[in-house]
$ cat input-v1.txt   # compact mmCIF, C-alpha atoms and all ligand atoms
# COMPACT_ATOMS: atom_id res chain seq x y z
CA MET A 1 -66.12 -55.99 -36.75
CA PHE A 2 -62.93 -53.95 -36.90
CA LEU A 3 -59.53 -55.49 -37.54
CA SER A 4 -56.87 -54.34 -35.08
CA ILE A 5 -53.49 -55.47 -33.83
CA THR A 6 -51.52 -55.18 -30.59
CA SER A 7 -49.04 -52.31 -30.47
CA ASP A 8 -46.43 -54.70 -28.99
CA ILE A 9 -44.79 -55.60 -32.27
CA LEU A 10 -41.19 -54.42 -31.88
CA SER A 11 -38.42 -56.42 -30.26
CA ASP A 12 -37.06 -55.39 -26.84
CA GLN A 13 -33.67 -55.18 -28.55
CA ASP A 14 -34.97 -52.63 -31.02
CA ALA A 15 -32.98 -49.41 -31.17
CA VAL A 16 -36.11 -47.22 -31.10
CA LEU A 17 -36.15 -45.10 -27.90
CA PRO A 18 -38.84 -46.03 -25.32
CA GLU A 19 -40.74 -42.74 -25.87
CA LYS A 20 -40.75 -43.31 -29.64
CA ARG A 21 -41.51 -47.03 -29.59
CA LEU A 22 -45.30 -46.76 -29.73
CA ILE A 23 -45.19 -44.11 -32.45
CA ARG A 24 -42.88 -46.32 -34.57
CA ALA A 25 -45.20 -49.31 -34.03
CA MET A 26 -48.21 -47.23 -35.10
CA GLU A 27 -46.41 -46.10 -38.27
CA LEU A 28 -45.51 -49.69 -39.16
CA CYS A 29 -49.05 -50.99 -38.50
CA ARG A 30 -50.69 -48.15 -40.42
CA GLY A 31 -48.26 -48.73 -43.30
CA ALA A 32 -49.39 -52.37 -43.37
CA GLY A 33 -53.05 -51.37 -43.60
CA PHE A 34 -54.22 -51.42 -39.97
CA ARG A 35 -56.55 -48.56 -38.98
CA TYR A 36 -57.11 -49.79 -35.42
CA ILE A 37 -54.36 -50.48 -32.89
CA ASP A 38 -54.70 -52.20 -29.54
CA LEU A 39 -52.41 -50.15 -27.28
CA ASN A 40 -50.62 -52.26 -24.72
CA PHE A 41 -50.06 -49.83 -21.83
CA ALA A 42 -48.30 -52.61 -19.86
CA THR A 43 -45.13 -51.96 -21.88
CA HIS A 44 -45.24 -48.18 -21.54
CA VAL A 45 -45.62 -48.03 -17.73
CA GLN A 46 -42.42 -50.04 -17.14
CA PRO A 47 -39.39 -48.22 -15.64
CA GLY A 48 -37.65 -46.19 -18.34
CA PHE A 49 -40.85 -45.85 -20.38
CA PRO A 50 -42.84 -42.61 -20.65
CA MET A 51 -45.85 -43.58 -18.53
CA ALA A 52 -43.59 -44.31 -15.53
CA ALA A 53 -42.40 -40.68 -15.47
CA PRO A 54 -44.06 -37.45 -14.33
CA GLY A 55 -45.59 -35.52 -17.23
CA TRP A 56 -46.62 -38.76 -18.99
CA GLU A 57 -49.78 -36.99 -20.14
CA ARG A 58 -47.72 -35.00 -22.70
CA TRP A 59 -46.48 -38.29 -24.18
CA ALA A 60 -50.04 -39.64 -24.33
CA ASP A 61 -51.14 -36.48 -26.13
CA ALA A 62 -48.27 -36.87 -28.64
CA VAL A 63 -49.45 -40.44 -29.27
CA GLY A 64 -52.95 -39.09 -29.89
CA GLU A 65 -51.62 -36.46 -32.31
CA THR A 66 -49.64 -39.11 -34.23
CA ALA A 67 -52.72 -41.32 -34.39
CA ALA A 68 -54.76 -38.45 -35.83
CA ARG A 69 -52.05 -37.73 -38.42
CA LEU A 70 -51.85 -41.41 -39.43
CA GLY A 71 -55.61 -42.02 -39.37
CA VAL A 72 -55.39 -44.61 -36.58
CA SER A 73 -57.95 -45.17 -33.77
CA PHE A 74 -57.90 -47.15 -30.52
CA ARG A 75 -61.23 -48.79 -29.81
CA GLN A 76 -59.85 -51.40 -27.40
CA SER A 77 -56.58 -51.36 -25.47
CA HIS A 78 -54.77 -53.38 -22.81
CA SER A 79 -54.20 -52.06 -19.30
CA PHE A 80 -51.12 -52.76 -17.23
CA VAL A 81 -51.92 -56.02 -15.43
CA TYR A 82 -50.45 -57.83 -12.45
CA ARG A 83 -48.60 -61.01 -13.32
CA THR A 84 -50.49 -64.08 -12.17
CA ARG A 85 -48.74 -64.68 -8.81
CA GLU A 86 -48.41 -60.95 -8.11
CA SER A 87 -52.16 -60.44 -8.35
CA THR A 88 -52.78 -61.62 -4.77
CA ASP A 89 -49.33 -60.91 -3.31
CA MET A 90 -49.69 -58.22 -0.63
CA THR A 91 -45.92 -58.03 0.01
CA ILE A 92 -45.16 -56.22 -3.27
CA ASP A 93 -45.44 -52.46 -3.75
CA ARG A 94 -49.21 -52.47 -4.41
CA ALA A 95 -49.45 -48.67 -4.46
CA ARG A 96 -47.04 -48.43 -7.38
CA TYR A 97 -48.79 -51.24 -9.28
CA ASP A 98 -52.23 -49.76 -8.66
CA GLU A 99 -50.99 -46.40 -9.95
CA ARG A 100 -49.98 -48.13 -13.21
CA ILE A 101 -53.56 -49.35 -13.58
CA ARG A 102 -54.93 -45.86 -12.89
CA ARG A 103 -52.53 -44.39 -15.47
CA SER A 104 -53.68 -47.00 -18.01
CA ILE A 105 -57.29 -45.88 -17.42
CA ARG A 106 -56.43 -42.17 -17.66
CA ALA A 107 -54.29 -42.66 -20.77
CA ALA A 108 -57.11 -44.68 -22.35
CA ALA A 109 -59.51 -41.80 -21.72
CA ARG A 110 -57.12 -39.24 -23.27
CA LEU A 111 -56.76 -41.41 -26.37
CA GLY A 112 -60.45 -42.16 -26.90
CA VAL A 113 -60.21 -45.86 -25.99
CA GLU A 114 -63.71 -47.30 -25.51
CA TRP A 115 -62.79 -50.57 -23.77
CA LEU A 116 -59.74 -51.27 -21.63
CA VAL A 117 -58.84 -54.93 -20.99
CA MET A 118 -57.97 -56.12 -17.44
CA HIS A 119 -56.96 -59.43 -15.87
CA ALA A 120 -58.78 -60.42 -12.68
CA ALA A 121 -56.69 -61.48 -9.67
CA ASP A 122 -56.56 -65.21 -10.35
CA PHE A 123 -55.63 -66.79 -6.96
CA ASP A 124 -53.17 -69.11 -8.66
CA ALA A 125 -50.88 -68.81 -5.62
CA ASP A 126 -53.45 -70.29 -3.19
CA PRO A 127 -52.92 -73.98 -2.40
CA ASP A 128 -56.65 -74.69 -2.83
CA TYR A 129 -58.92 -72.94 -5.29
CA ASP A 130 -61.79 -71.11 -3.59
CA PHE A 131 -64.26 -69.54 -6.03
CA ASP A 132 -66.19 -67.52 -3.41
CA LYS A 133 -63.01 -66.02 -2.00
CA ALA A 134 -61.72 -65.08 -5.47
CA ARG A 135 -65.06 -63.58 -6.49
CA ARG A 136 -65.37 -61.52 -3.30
CA TYR A 137 -61.82 -60.21 -3.55
CA ASN A 138 -62.17 -59.20 -7.22
CA LEU A 139 -65.51 -57.44 -6.78
CA ASN A 140 -64.01 -55.42 -3.92
CA TYR A 141 -60.61 -54.75 -5.39
CA TRP A 142 -61.78 -53.57 -8.81
CA GLN A 143 -64.68 -51.35 -7.73
CA PRO A 144 -62.61 -48.14 -7.29
CA PHE A 145 -60.95 -48.70 -10.68
CA ILE A 146 -64.34 -49.24 -12.30
CA ASP A 147 -65.59 -46.03 -10.69
CA LEU A 148 -62.54 -44.16 -12.02
CA ALA A 149 -63.03 -45.64 -15.51
CA ALA A 150 -66.71 -44.65 -15.43
CA ARG A 151 -65.78 -41.05 -14.51
CA GLU A 152 -63.27 -41.05 -17.38
CA GLY A 153 -65.78 -42.57 -19.82
CA VAL A 154 -63.85 -45.82 -20.39
CA GLY A 155 -65.37 -49.33 -20.25
CA ILE A 156 -63.51 -52.19 -18.53
CA ALA A 157 -63.43 -55.65 -20.14
CA PHE A 158 -62.20 -58.61 -18.05
CA GLU A 159 -60.23 -61.15 -20.06
CA ASN A 160 -60.48 -64.95 -19.77
CA LEU A 161 -57.37 -66.53 -18.20
CA PHE A 162 -56.12 -70.14 -18.03
CA ALA A 163 -54.70 -72.48 -15.43
CA SER A 164 -50.97 -71.94 -15.12
CA GLY A 165 -50.33 -74.29 -12.23
CA CYS A 166 -51.82 -77.40 -10.78
CA HIS A 167 -55.29 -76.07 -10.06
CA ARG A 168 -57.90 -73.70 -11.47
CA ARG A 169 -57.35 -69.99 -11.84
CA TYR A 170 -60.21 -67.55 -11.33
CA CYS A 171 -61.82 -66.35 -14.61
CA SER A 172 -60.55 -69.26 -16.74
CA THR A 173 -64.14 -70.10 -17.72
CA ALA A 174 -66.81 -68.09 -19.50
CA GLU A 175 -69.19 -68.65 -16.57
CA GLU A 176 -66.85 -67.05 -14.00
CA LEU A 177 -66.05 -64.17 -16.33
CA ILE A 178 -69.73 -63.42 -16.94
CA ASP A 179 -70.47 -63.65 -13.23
CA LEU A 180 -67.67 -61.18 -12.43
CA ALA A 181 -68.63 -58.70 -15.18
CA GLU A 182 -72.30 -58.78 -14.17
CA GLY A 183 -71.36 -58.45 -10.49
CA PHE A 184 -70.46 -54.75 -10.97
CA ARG A 185 -74.00 -53.99 -12.21
CA THR A 186 -72.98 -51.48 -14.85
CA PRO A 187 -73.00 -51.64 -18.65
CA LEU A 188 -69.47 -50.17 -18.48
CA VAL A 189 -68.05 -53.59 -17.53
CA GLY A 190 -67.84 -56.35 -20.13
CA VAL A 191 -65.74 -59.26 -21.31
CA CYS A 192 -62.68 -59.74 -23.55
CA TRP A 193 -62.47 -63.19 -25.14
CA ASP A 194 -58.93 -64.42 -25.72
CA THR A 195 -59.03 -67.35 -28.16
CA GLY A 196 -55.58 -68.64 -27.17
CA HIS A 197 -56.27 -68.59 -23.42
CA ALA A 198 -59.61 -70.31 -24.04
CA ALA A 199 -57.90 -73.08 -26.05
CA VAL A 200 -55.32 -73.68 -23.29
CA ALA A 201 -58.15 -73.71 -20.72
CA GLY A 202 -60.04 -76.34 -22.77
CA GLN A 203 -63.09 -74.12 -23.31
CA ASN A 204 -65.73 -74.95 -25.92
CA GLN A 205 -65.28 -71.60 -27.64
CA PRO A 206 -68.48 -71.34 -29.71
CA ALA A 207 -70.56 -72.28 -26.64
CA ALA A 208 -68.63 -69.83 -24.44
CA ILE A 209 -68.96 -66.94 -26.92
CA ARG A 210 -72.70 -67.63 -27.25
CA LEU A 211 -73.01 -67.54 -23.45
CA ILE A 212 -71.12 -64.25 -23.20
CA GLY A 213 -73.30 -62.76 -25.95
CA SER A 214 -73.74 -58.99 -25.70
CA LEU A 215 -71.24 -58.77 -22.79
CA LEU A 216 -68.47 -59.41 -25.34
CA LYS A 217 -66.69 -56.09 -25.95
CA CYS A 218 -63.14 -57.04 -27.02
CA THR A 219 -61.21 -59.96 -28.52
CA HIS A 220 -57.63 -61.20 -28.48
CA ILE A 221 -57.10 -63.42 -31.51
CA HIS A 222 -54.21 -65.89 -31.57
CA ASP A 223 -53.56 -69.63 -31.86
CA ASN A 224 -51.78 -72.45 -29.98
CA HIS A 225 -51.77 -76.25 -29.78
CA CYS A 226 -54.36 -76.40 -26.97
CA ARG A 227 -51.82 -77.82 -24.50
CA PRO A 228 -52.05 -76.88 -20.82
CA LYS A 229 -49.92 -73.85 -19.88
CA GLU A 230 -48.63 -73.37 -23.47
CA ASP A 231 -50.00 -69.97 -24.41
CA GLU A 232 -47.96 -69.73 -27.62
CA HIS A 233 -49.64 -66.68 -29.23
CA LEU A 234 -49.26 -68.16 -32.73
CA ILE A 235 -50.64 -66.77 -35.97
CA PRO A 236 -54.18 -68.16 -36.53
CA TYR A 237 -54.17 -71.51 -38.41
CA TYR A 238 -50.61 -72.30 -37.18
CA GLY A 239 -51.95 -74.04 -34.07
CA SER A 240 -54.90 -76.38 -33.55
CA ILE A 241 -57.79 -74.01 -32.85
CA ASP A 242 -60.80 -74.77 -35.05
CA TRP A 243 -61.46 -71.26 -36.43
CA PRO A 244 -64.61 -71.56 -38.61
CA PRO A 245 -67.05 -72.26 -35.70
CA ILE A 246 -65.52 -69.38 -33.68
CA LEU A 247 -65.82 -66.93 -36.58
CA LYS A 248 -69.38 -68.06 -37.26
CA THR A 249 -70.36 -67.60 -33.59
CA LEU A 250 -68.88 -64.08 -33.40
CA ALA A 251 -71.17 -63.15 -36.31
CA GLU A 252 -74.11 -65.03 -34.82
CA ILE A 253 -74.04 -63.02 -31.55
CA GLY A 254 -73.74 -59.76 -33.52
CA TYR A 255 -70.28 -58.94 -32.17
CA ALA A 256 -69.36 -55.49 -33.47
CA GLY A 257 -66.12 -54.70 -31.62
CA ASN A 258 -62.49 -55.18 -32.56
CA PHE A 259 -61.13 -58.40 -34.03
CA SER A 260 -57.75 -57.83 -32.47
CA LEU A 261 -54.67 -59.86 -33.36
CA GLU A 262 -52.48 -60.45 -30.29
CA ILE A 263 -49.51 -62.13 -31.93
CA LYS A 264 -46.43 -60.16 -31.07
CA GLN A 265 -44.36 -63.33 -31.51
CA ALA A 266 -44.90 -63.05 -35.27
CA THR A 267 -42.98 -59.78 -35.56
CA ARG A 268 -40.82 -59.34 -32.46
CA PRO A 269 -38.10 -61.85 -33.47
CA LEU A 270 -37.75 -60.20 -36.91
CA PRO A 271 -35.39 -57.42 -37.99
CA GLU A 272 -37.44 -54.22 -38.27
CA ALA A 273 -36.73 -54.06 -42.02
CA VAL A 274 -39.11 -56.99 -42.64
CA CYS A 275 -41.56 -56.30 -39.82
CA GLY A 276 -43.82 -54.41 -42.24
CA ASP A 277 -44.00 -57.41 -44.60
CA MET A 278 -45.19 -59.66 -41.77
CA LEU A 279 -47.71 -57.01 -40.68
CA ARG A 280 -49.08 -56.80 -44.23
CA PHE A 281 -49.56 -60.58 -44.21
CA LEU A 282 -51.30 -60.40 -40.81
CA ASN A 283 -53.56 -57.65 -42.12
CA ALA A 284 -54.54 -59.79 -45.12
CA LEU A 285 -55.13 -62.81 -42.86
CA GLY A 286 -57.22 -60.78 -40.40
CA ARG A 287 -59.32 -59.31 -43.20
CA GLU A 288 -59.94 -62.80 -44.60
CA MET A 289 -61.03 -64.08 -41.17
CA ILE A 290 -63.46 -61.18 -40.77
CA ARG A 291 -64.71 -61.81 -44.32
CA GLN A 292 -65.47 -65.39 -43.25
CA THR A 293 -67.67 -64.11 -40.43
CA GLY A 294 -69.71 -62.22 -43.03
CA LYS A 295 -69.39 -59.05 -40.89
CA GLU A 296 -66.88 -56.99 -42.83
CA GLN A 297 -65.92 -53.60 -41.41
ZN ZN A 301 -54.90 -61.65 -24.33
$ encode --input "input-v1.txt" --output "structure tokens"
Amino acid sequence: MFLSITSDILSDQDAVLPEKRLIRAMELCRGAGFRYIDLNFATHVQPGFPMAAPGWERWADAVGETAARLGVSFRQSHSFVYRTRESTDMTIDRARYDERIRRSIRAAARLGVEWLVMHAADFDADPDYDFDKARRYNLNYWQPFIDLAAREGVGIAFENLFASGCHRRYCSTAEELIDLAEGFRTPLVGVCWDTGHAAVAGQNQPAAIRLIGSLLKCTHIHDNHCRPKEDEHLIPYYGSIDWPPILKTLAEIGYAGNFSLEIKQATRPLPEAVCGDMLRFLNALGREMIRQTGKEQ
């Protein structure tokens, strides 16, 4: 298991220019001991950021060169994703959104990312939840992106979501996630398990992780108080998730991907001068959690 951390660690108010933001984040994470970084492309495709502009490939290559200089790799990363209600809204500029997903896939390929995390369209906006409709739509919608990712040599991992409104959202359970991933009939599609989303969705995490088994390719590790809709992204042990059975189960299924901390809230409110101190603590905490699985990197 390899300890990694999301690249989204700097505050939106930070003075670092958009094109330099990822490089600065990588320097801070590497300085705190992280050798793997979970690139969040969602930030970098926004207007004003490098991946929204023509020639974005040069920026991606500069990121790759910085990573090589620092000794940083990207085994798993996060694609641009539709916000929950947007995911089935046909009135928005779908072409522009879809292009952001394609750029995430192409950037992942340029940077040697093995697994790119996606959110399924969740059908939260529908008045009544219809599993068959959601399944059919997602299998259809994602196929061209999965074909593109396969041509580029990148795997796609669908992440577990959680109910944000009054009814279920597609892919909030391990069973639906497995069914979707297996529906594409290729080993290049797998699952990302988000511990915080699972807690909010009331999942039995050890049982779910056991069920996912070898389909598990990525993790998002963070905590919360297991209350509906409150996806707090807390530092592990600061919420109410019971960590030891989860850590034990990751080892039990032979999980050998990234143990990736997704806790931007721990650093983003801080002045940059002390961001590194928090990252060093998170690195020590992550290493201790991996040590407890018995599968040290
Ligand atoms: Zn996540």
$ residues_near_ligand --input "input-v1.txt" --ligand "ligand ZN 301 (chain A)" --cutoff "10 Å" --atoms "all atoms listed in the file" --output "short mmCIF file (atom, residue, chain, number, x, y, z; two decimals) with C-alpha atoms, in the frame of the given file"
data_model
loop_
_atom_site.label_atom_id
_atom_site.label_comp_id
_atom_site.auth_asym_id
_atom_site.auth_seq_id
_atom_site.Cartn_x
_atom_site.Cartn_y
_atom_site.Cartn_z
CA THR A 6 -51.52 -55.18 -30.59
CA HIS A 78 -54.77 -53.38 -22.81
CA VAL A 117 -58.84 -54.93 -20.99
CA MET A 118 -57.97 -56.12 -17.44
CA HIS A 119 -56.96 -59.43 -15.87
CA GLU A 159 -60.23 -61.15 -20.06
CA ASN A 160 -60.48 -64.95 -19.77
CA LEU A 161 -57.37 -66.53 -18.20
CA CYS A 192 -62.68 -59.74 -23.55
CA TRP A 193 -62.47 -63.19 -25.14
CA ASP A 194 -58.93 -64.42 -25.72
CA THR A 195 -59.03 -67.35 -28.16
CA GLY A 196 -55.58 -68.64 -27.17
CA HIS A 197 -56.27 -68.59 -23.42
CA ALA A 198 -59.61 -70.31 -24.04
CA CYS A 218 -63.14 -57.04 -27.02
CA THR A 219 -61.21 -59.96 -28.52
CA HIS A 220 -57.63 -61.20 -28.48
CA ILE A 221 -57.10 -63.42 -31.51
CA HIS A 222 -54.21 -65.89 -31.57
CA ASP A 231 -50.00 -69.97 -24.41
CA HIS A 233 -49.64 -66.68 -29.23
CA SER A 260 -57.75 -57.83 -32.47
CA LEU A 261 -54.67 -59.86 -33.36
CA GLU A 262 -52.48 -60.45 -30.29
CA ILE A 263 -49.51 -62.13 -31.93
#
$ closest_residue --input "input-v1.txt" --among "A:Thr173, A:Ser7, A:Ser214, A:Ser164" --to "A:Val63" --atoms "all atoms listed in the file"
A:Ser7
$ atom_distance --input "input-v1.txt" --atom1 "atom CA of A:Glu152" --atom2 "atom CA of A:Ala109"
5.8 Å
$ residues_near_point --input "input-v1.txt" --point "(-69.4, -63.3, -44.1)" --cutoff "12 Å" --atoms "all atoms listed in the file" --output "tab-separated table (two decimals) with C-alpha atoms, in the coordinates of the input"
chain	number	residue	atom	x	y	z
A	1	MET	CA	-66.12	-55.99	-36.75
A	244	PRO	CA	-64.61	-71.56	-38.61
A	247	LEU	CA	-65.82	-66.93	-36.58
A	248	LYS	CA	-69.38	-68.06	-37.26
A	249	THR	CA	-70.36	-67.60	-33.59
A	250	LEU	CA	-68.88	-64.08	-33.40
A	251	ALA	CA	-71.17	-63.15	-36.31
A	252	GLU	CA	-74.11	-65.03	-34.82
A	254	GLY	CA	-73.74	-59.76	-33.52
A	287	ARG	CA	-59.32	-59.31	-43.20
A	288	GLU	CA	-59.94	-62.80	-44.60
A	289	MET	CA	-61.03	-64.08	-41.17
A	290	ILE	CA	-63.46	-61.18	-40.77
A	291	ARG	CA	-64.71	-61.81	-44.32
A	292	GLN	CA	-65.47	-65.39	-43.25
A	293	THR	CA	-67.67	-64.11	-40.43
A	294	GLY	CA	-69.71	-62.22	-43.03
A	295	LYS	CA	-69.39	-59.05	-40.89
A	296	GLU	CA	-66.88	-56.99	-42.83
A	297	GLN	CA	-65.92	-53.60	-41.41
$ atom_distance --input "input-v1.txt" --atom1 "atom CA of A:Leu177" --atom2 "atom CA of A:Ile37"
24.5 Å
$ closest_residue --input "input-v1.txt" --among "A:Ala125, A:Ala208, A:Leu10, A:Leu148" --to "A:His167" --atoms "all atoms listed in the file"
A:Ala125
$ atom_distance --input "input-v1.txt" --atom1 "atom CA of A:Arg30" --atom2 "atom CA of A:Glu57"
23.2 Å
$ closest_residue --input "input-v1.txt" --among "A:Leu282, A:Ala134, A:Val274, A:Ala42" --to "A:Tyr170" --atoms "only C-alpha atoms"
A:Ala134
$ residues_near_point --input "input-v1.txt" --point "(-59.9, -49.4, -29.1)" --cutoff "12 Å" --atoms "only C-alpha atoms" --output "PyMOL selection string"
chain A and resi 1-7+35-40+72-79+108-109+111-117+154-157+217-219+257-260
$ write_last_selection --input "input-v1.txt" --atoms "C-alpha atoms" --output "PDB file, keeping the file's coordinate frame"
ATOM      1  CA  MET A   1     -66.120 -55.990 -36.750  1.00  0.00           C
ATOM      2  CA  PHE A   2     -62.930 -53.950 -36.900  1.00  0.00           C
ATOM      3  CA  LEU A   3     -59.530 -55.490 -37.540  1.00  0.00           C
ATOM      4  CA  SER A   4     -56.870 -54.340 -35.080  1.00  0.00           C
ATOM      5  CA  ILE A   5     -53.490 -55.470 -33.830  1.00  0.00           C
ATOM      6  CA  THR A   6     -51.520 -55.180 -30.590  1.00  0.00           C
ATOM      7  CA  SER A   7     -49.040 -52.310 -30.470  1.00  0.00           C
ATOM      8  CA  ARG A  35     -56.550 -48.560 -38.980  1.00  0.00           C
ATOM      9  CA  TYR A  36     -57.110 -49.790 -35.420  1.00  0.00           C
ATOM     10  CA  ILE A  37     -54.360 -50.480 -32.890  1.00  0.00           C
ATOM     11  CA  ASP A  38     -54.700 -52.200 -29.540  1.00  0.00           C
ATOM     12  CA  LEU A  39     -52.410 -50.150 -27.280  1.00  0.00           C
ATOM     13  CA  ASN A  40     -50.620 -52.260 -24.720  1.00  0.00           C
ATOM     14  CA  VAL A  72     -55.390 -44.610 -36.580  1.00  0.00           C
ATOM     15  CA  SER A  73     -57.950 -45.170 -33.770  1.00  0.00           C
ATOM     16  CA  PHE A  74     -57.900 -47.150 -30.520  1.00  0.00           C
ATOM     17  CA  ARG A  75     -61.230 -48.790 -29.810  1.00  0.00           C
ATOM     18  CA  GLN A  76     -59.850 -51.400 -27.400  1.00  0.00           C
ATOM     19  CA  SER A  77     -56.580 -51.360 -25.470  1.00  0.00           C
ATOM     20  CA  HIS A  78     -54.770 -53.380 -22.810  1.00  0.00           C
ATOM     21  CA  SER A  79     -54.200 -52.060 -19.300  1.00  0.00           C
ATOM     22  CA  ALA A 108     -57.110 -44.680 -22.350  1.00  0.00           C
ATOM     23  CA  ALA A 109     -59.510 -41.800 -21.720  1.00  0.00           C
ATOM     24  CA  LEU A 111     -56.760 -41.410 -26.370  1.00  0.00           C
ATOM     25  CA  GLY A 112     -60.450 -42.160 -26.900  1.00  0.00           C
ATOM     26  CA  VAL A 113     -60.210 -45.860 -25.990  1.00  0.00           C
ATOM     27  CA  GLU A 114     -63.710 -47.300 -25.510  1.00  0.00           C
ATOM     28  CA  TRP A 115     -62.790 -50.570 -23.770  1.00  0.00           C
ATOM     29  CA  LEU A 116     -59.740 -51.270 -21.630  1.00  0.00           C
ATOM     30  CA  VAL A 117     -58.840 -54.930 -20.990  1.00  0.00           C
ATOM     31  CA  VAL A 154     -63.850 -45.820 -20.390  1.00  0.00           C
ATOM     32  CA  GLY A 155     -65.370 -49.330 -20.250  1.00  0.00           C
ATOM     33  CA  ILE A 156     -63.510 -52.190 -18.530  1.00  0.00           C
ATOM     34  CA  ALA A 157     -63.430 -55.650 -20.140  1.00  0.00           C
ATOM     35  CA  LYS A 217     -66.690 -56.090 -25.950  1.00  0.00           C
ATOM     36  CA  CYS A 218     -63.140 -57.040 -27.020  1.00  0.00           C
ATOM     37  CA  THR A 219     -61.210 -59.960 -28.520  1.00  0.00           C
ATOM     38  CA  GLY A 257     -66.120 -54.700 -31.620  1.00  0.00           C
ATOM     39  CA  ASN A 258     -62.490 -55.180 -32.560  1.00  0.00           C
ATOM     40  CA  PHE A 259     -61.130 -58.400 -34.030  1.00  0.00           C
ATOM     41  CA  SER A 260     -57.750 -57.830 -32.470  1.00  0.00           C
TER      42      SER A 260
END
$ closest_residue --input "input-v1.txt" --among "A:Phe80, A:Ala199, A:Pro50, A:Asn140" --to "A:Phe184" --atoms "all atoms listed in the file"
A:Asn140
$ closest_residue --input "input-v1.txt" --among "A:Arg85, A:Val191, A:Ile178, A:Arg94" --to "A:Asp126" --atoms "only C-alpha atoms"
A:Arg85
